[in-house]
Amino acid sequence: MELDFSPLLDSWRFLASGLGLTILLSIAAVISSLVLGLAVGLGRLYGPTWLSAILVFYIDSMRAIPVFVVLVWIYFAVPIISGHTFAPFWAALTGITIHVAAYVAEVVRAGLTSIRKGQSQAGLAIGMSSSQILRHILLPQAIVRMLPALGSIISVTIKDTAIAAVIAVPELMRQAETLAGQTYRPIEIFTAVMVIYFLLIFPITRLVDRLYIRVAHLGRS
């Protein structure tokens, strides 16, 4: 069998449009997941008992359901239930966000609870409020400790955008599937896509690792 990469050269703009949407969806999903996950993690730790119970159920539910199922349910079931139709991009963003945020919330909880209670007690002893202790003592250390786990979550989030192809989001994987079907060159097309994802994600993981090495001492206590 001979490899022929000419379809890639002929249709690079088609794939590039998918790559651009993948990057856009990835950035939006990472930001929204981190924000929502932080809010859920803080709500679980410091919110009232009833709120904590609801958030625990949400976290455990999302960790028990595949992101594929979440995306398909939002795209096909929510319009039937609510009468509101989601555009494919927004359905994908919503599904990935609420799914990944559950994992972020657990990372936040683990990071904050890993800090010795004596530091909070010391903050109270000098007259700091609970919110001041959280902002000035706990979060700065916890964020450093959470960096390796958050780096992995960012990588997983970017990879999860490929699942958006099942609800017709024209991102990189969807465009690759279309091109492979038109050219009958799946090996060349999907090999190129694999390389593109690697080039997109690998630098991010290395950057997070390097950042953690530089600031790791700030999280020690």
# chains A, B, ... in the order shown; residues from 1 in each chain; ligands from 1
>>> residues_around(residues="Gln121 of chain A", least_positions_apart="3", cutoff="12 Å", atoms="only C-alpha atoms", output="PDB file with C-alpha atoms, in the first residue's frame")
ATOM      1  CA  ILE A 115      -3.160  22.522  53.558  1.00  0.00           C
ATOM      2  CA  ARG A 116      -2.617  22.138  57.275  1.00  0.00           C
ATOM      3  CA  LYS A 117      -5.464  23.420  59.461  1.00  0.00           C
ATOM      4  CA  GLY A 118      -2.947  25.247  61.606  1.00  0.00           C
ATOM      5  CA  LEU A 124      -8.145  33.483  62.681  1.00  0.00           C
ATOM      6  CA  ALA A 125      -5.826  34.213  65.589  1.00  0.00           C
ATOM      7  CA  ILE A 126      -4.593  37.421  63.958  1.00  0.00           C
ATOM      8  CA  GLY A 127      -8.113  38.586  63.141  1.00  0.00           C
ATOM      9  CA  MET A 128      -8.489  37.519  59.496  1.00  0.00           C
ATOM     10  CA  SER A 129     -11.949  36.632  58.218  1.00  0.00           C
ATOM     11  CA  SER A 130     -12.694  33.292  56.588  1.00  0.00           C
ATOM     12  CA  ILE A 133      -7.879  33.302  54.890  1.00  0.00           C
ATOM     13  CA  LEU A 134      -9.170  31.636  51.735  1.00  0.00           C
ATOM     14  CA  ILE A 137      -3.465  31.869  52.653  1.00  0.00           C
ATOM     15  CA  LEU A 138      -5.239  28.822  51.261  1.00  0.00           C
TER      16      LEU A 138
END
>>> closest_atom_pairs(of="segment 37-148 of chain A", to="segment 167-172 of chain A", cutoff="7 Å", atoms="only C-alpha atoms", output="Markdown table")
| residue | atom | partner | partner_atom | distance |
| --- | --- | --- | --- | --- |
| A:Val72 | CA | A:Ile167 | CA | 6.9 |
| A:Pro88 | CA | A:Val169 | CA | 5.4 |
| A:Phe89 | CA | A:Val169 | CA | 5.7 |
>>> write_last_selection(atoms="all heavy atoms", output="short mmCIF file (atom, residue, chain, number, x, y, z; two decimals), in the first residue's frame")
data_model
loop_
_atom_site.label_atom_id
_atom_site.label_comp_id
_atom_site.auth_asym_id
_atom_site.auth_seq_id
_atom_site.Cartn_x
_atom_site.Cartn_y
_atom_site.Cartn_z
N VAL A 72 -24.53 14.02 23.88
CA VAL A 72 -25.67 13.56 23.09
C VAL A 72 -26.97 13.90 23.78
O VAL A 72 -27.95 14.32 23.14
CB VAL A 72 -25.56 12.03 22.85
CG1 VAL A 72 -26.84 11.49 22.24
CG2 VAL A 72 -24.38 11.73 21.94
N PRO A 88 -25.01 23.16 17.71
CA PRO A 88 -24.03 22.11 18.03
C PRO A 88 -22.84 22.62 18.84
O PRO A 88 -22.41 21.95 19.80
CB PRO A 88 -23.60 21.61 16.65
CG PRO A 88 -24.77 21.86 15.77
CD PRO A 88 -25.37 23.14 16.27
N PHE A 89 -22.30 23.79 18.49
CA PHE A 89 -21.14 24.30 19.21
C PHE A 89 -21.48 24.54 20.68
O PHE A 89 -20.70 24.16 21.57
CB PHE A 89 -20.64 25.61 18.57
CG PHE A 89 -19.48 26.24 19.29
CD1 PHE A 89 -18.18 25.89 18.99
CD2 PHE A 89 -19.69 27.19 20.30
CE1 PHE A 89 -17.11 26.46 19.65
CE2 PHE A 89 -18.62 27.76 20.97
CZ PHE A 89 -17.34 27.40 20.64
#
>>> residues_around(residues="Leu19 of chain A", least_positions_apart="6", cutoff="12 Å", atoms="only C-alpha atoms", output="list in words")
Trp12, Arg13, Leu25, Ser26, Ile158, Thr161, Ala162, Val169, Pro170, Glu171, Leu172, Met173, Arg174, Gln175, Ala176, Ala192, Val193, Ile196, Tyr197, Leu199 and Leu200 of chain A
>>> write_last_selection(atoms="N, CA and C atoms", output="compact mmCIF listing (two decimals), in the first residue's frame")
# COMPACT_ATOMS: atom_id res chain seq x y z
N TRP A 12 -6.18 21.49 2.76
CA TRP A 12 -5.66 21.96 4.04
C TRP A 12 -6.52 23.06 4.65
N ARG A 13 -7.15 23.89 3.79
CA ARG A 13 -8.02 24.94 4.33
C ARG A 13 -9.24 24.34 5.03
N LEU A 25 -13.12 26.05 20.68
CA LEU A 25 -13.91 25.25 21.62
C LEU A 25 -13.06 24.84 22.82
N SER A 26 -11.80 24.52 22.59
CA SER A 26 -10.91 24.12 23.68
C SER A 26 -10.69 25.25 24.66
N ILE A 158 -9.13 19.31 25.99
CA ILE A 158 -8.85 19.52 24.57
C ILE A 158 -9.16 18.26 23.77
N THR A 161 -12.85 17.57 23.01
CA THR A 161 -13.51 18.33 21.95
C THR A 161 -13.70 17.48 20.70
N ALA A 162 -12.88 16.44 20.53
CA ALA A 162 -13.04 15.56 19.36
C ALA A 162 -14.37 14.83 19.39
N VAL A 169 -20.52 19.13 15.20
CA VAL A 169 -19.69 20.32 15.33
C VAL A 169 -18.54 20.20 14.33
N PRO A 170 -18.37 21.16 13.43
CA PRO A 170 -17.35 21.01 12.38
C PRO A 170 -15.94 21.29 12.86
N GLU A 171 -15.55 20.61 13.95
CA GLU A 171 -14.19 20.78 14.47
C GLU A 171 -13.25 19.84 13.71
N LEU A 172 -12.03 19.73 14.18
CA LEU A 172 -10.99 19.02 13.44
C LEU A 172 -11.37 17.58 13.12
N MET A 173 -11.87 16.85 14.12
CA MET A 173 -12.18 15.44 13.90
C MET A 173 -13.33 15.27 12.92
N ARG A 174 -14.34 16.13 13.02
CA ARG A 174 -15.48 16.06 12.10
C ARG A 174 -15.03 16.34 10.67
N GLN A 175 -14.18 17.35 10.49
CA GLN A 175 -13.69 17.67 9.16
C GLN A 175 -12.83 16.53 8.61
N ALA A 176 -12.06 15.92 9.50
CA ALA A 176 -11.21 14.80 9.07
C ALA A 176 -12.06 13.61 8.62
N ALA A 192 -2.50 12.39 10.14
CA ALA A 192 -2.24 13.83 10.22
C ALA A 192 -2.98 14.45 11.39
N VAL A 193 -4.22 14.02 11.62
CA VAL A 193 -5.00 14.55 12.74
C VAL A 193 -4.35 14.18 14.07
N ILE A 196 -1.51 16.45 14.62
CA ILE A 196 -1.97 17.80 14.96
C ILE A 196 -2.37 17.89 16.43
N TYR A 197 -3.11 16.89 16.91
CA TYR A 197 -3.51 16.88 18.33
C TYR A 197 -2.27 16.81 19.23
N LEU A 199 0.77 17.91 18.53
CA LEU A 199 1.45 19.20 18.49
C LEU A 199 0.67 20.28 19.25
N LEU A 200 -0.62 20.08 19.38
CA LEU A 200 -1.45 21.05 20.10
C LEU A 200 -1.37 20.84 21.61
>>> atom_distance(atom1="atom CA of Glu177 of chain A", atom2="atom CA of Ile80 of chain A")
28.2 Å
>>> residues_around(residues="Ile154 of chain A", least_positions_apart="6", cutoff="9 Å", atoms="only C-alpha atoms", output="PyMOL selection string")
chain A and resi 26+30+201+204-205
>>> write_last_selection(atoms="C-alpha atoms", output="CSV table (one decimal), in the first residue's frame")
chain,number,residue,atom,x,y,z
A,26,SER,CA,-10.9,24.1,23.7
A,30,VAL,CA,-11.0,25.1,29.6
A,201,ILE,CA,-1.5,19.3,23.5
A,204,ILE,CA,0.7,22.6,26.9
A,205,THR,CA,1.6,19.7,29.2
>>> closest_residue(among="A:Ala92, A:Pro7, A:Ser61, A:Ile81", to="Phe190 of chain A", atoms="only C-alpha atoms")
A:Pro7
>>> closest_residue(among="A:Ser32, A:Ser6, A:Thr22, A:Ser114", to="Tyr184 of chain A", atoms="only C-alpha atoms")
A:Ser6
>>> residues_around(residues="Ala142 of chain A", least_positions_apart="6", cutoff="7 Å", atoms="only C-alpha atoms", output="number ranges by chain")
A: 111-112, 219
>>> write_last_selection(atoms="N, CA and C atoms", output="mmCIF file, in the first residue's frame")
data_model
loop_
_atom_site.group_PDB
_atom_site.id
_atom_site.type_symbol
_atom_site.label_atom_id
_atom_site.label_comp_id
_atom_site.auth_asym_id
_atom_site.auth_seq_id
_atom_site.Cartn_x
_atom_site.Cartn_y
_atom_site.Cartn_z
ATOM 1 N N GLY A 111 -6.874 20.110 46.772
ATOM 2 C CA GLY A 111 -5.829 21.109 46.984
ATOM 3 C C GLY A 111 -6.034 21.904 48.257
ATOM 4 N N LEU A 112 -7.258 22.325 48.493
ATOM 5 C CA LEU A 112 -7.533 23.139 49.684
ATOM 6 C C LEU A 112 -7.441 22.329 50.975
ATOM 7 N N GLY A 219 4.034 26.209 47.148
ATOM 8 C CA GLY A 219 2.931 25.395 47.664
ATOM 9 C C GLY A 219 3.313 24.525 48.840
#
>>> atom_distance(atom1="atom CA of Ala64 of chain A", atom2="atom CA of Leu150 of chain A")
19.6 Å
>>> atom_distance(atom1="atom CA of Leu211 of chain A", atom2="atom CA of Leu139 of chain A")
17.0 Å
>>> residues_around(residues="Thr97 of chain A", least_positions_apart="4", cutoff="10 Å", atoms="only C-alpha atoms", output="MDAnalysis selection string")
chainID A and resid 28:37 67 91:93 101:102 157
>>> residues_around(residues="Pro148 of chain A", least_positions_apart="4", cutoff="8 Å", atoms="only C-alpha atoms", output="list of chain:residue names")
A:Ser152, A:Val208, A:Asp209, A:Tyr212
>>> closest_residue(among="A:Leu15, A:Ile213, A:Leu24, A:Leu55", to="Arg109 of chain A", atoms="only C-alpha atoms")
A:Leu55
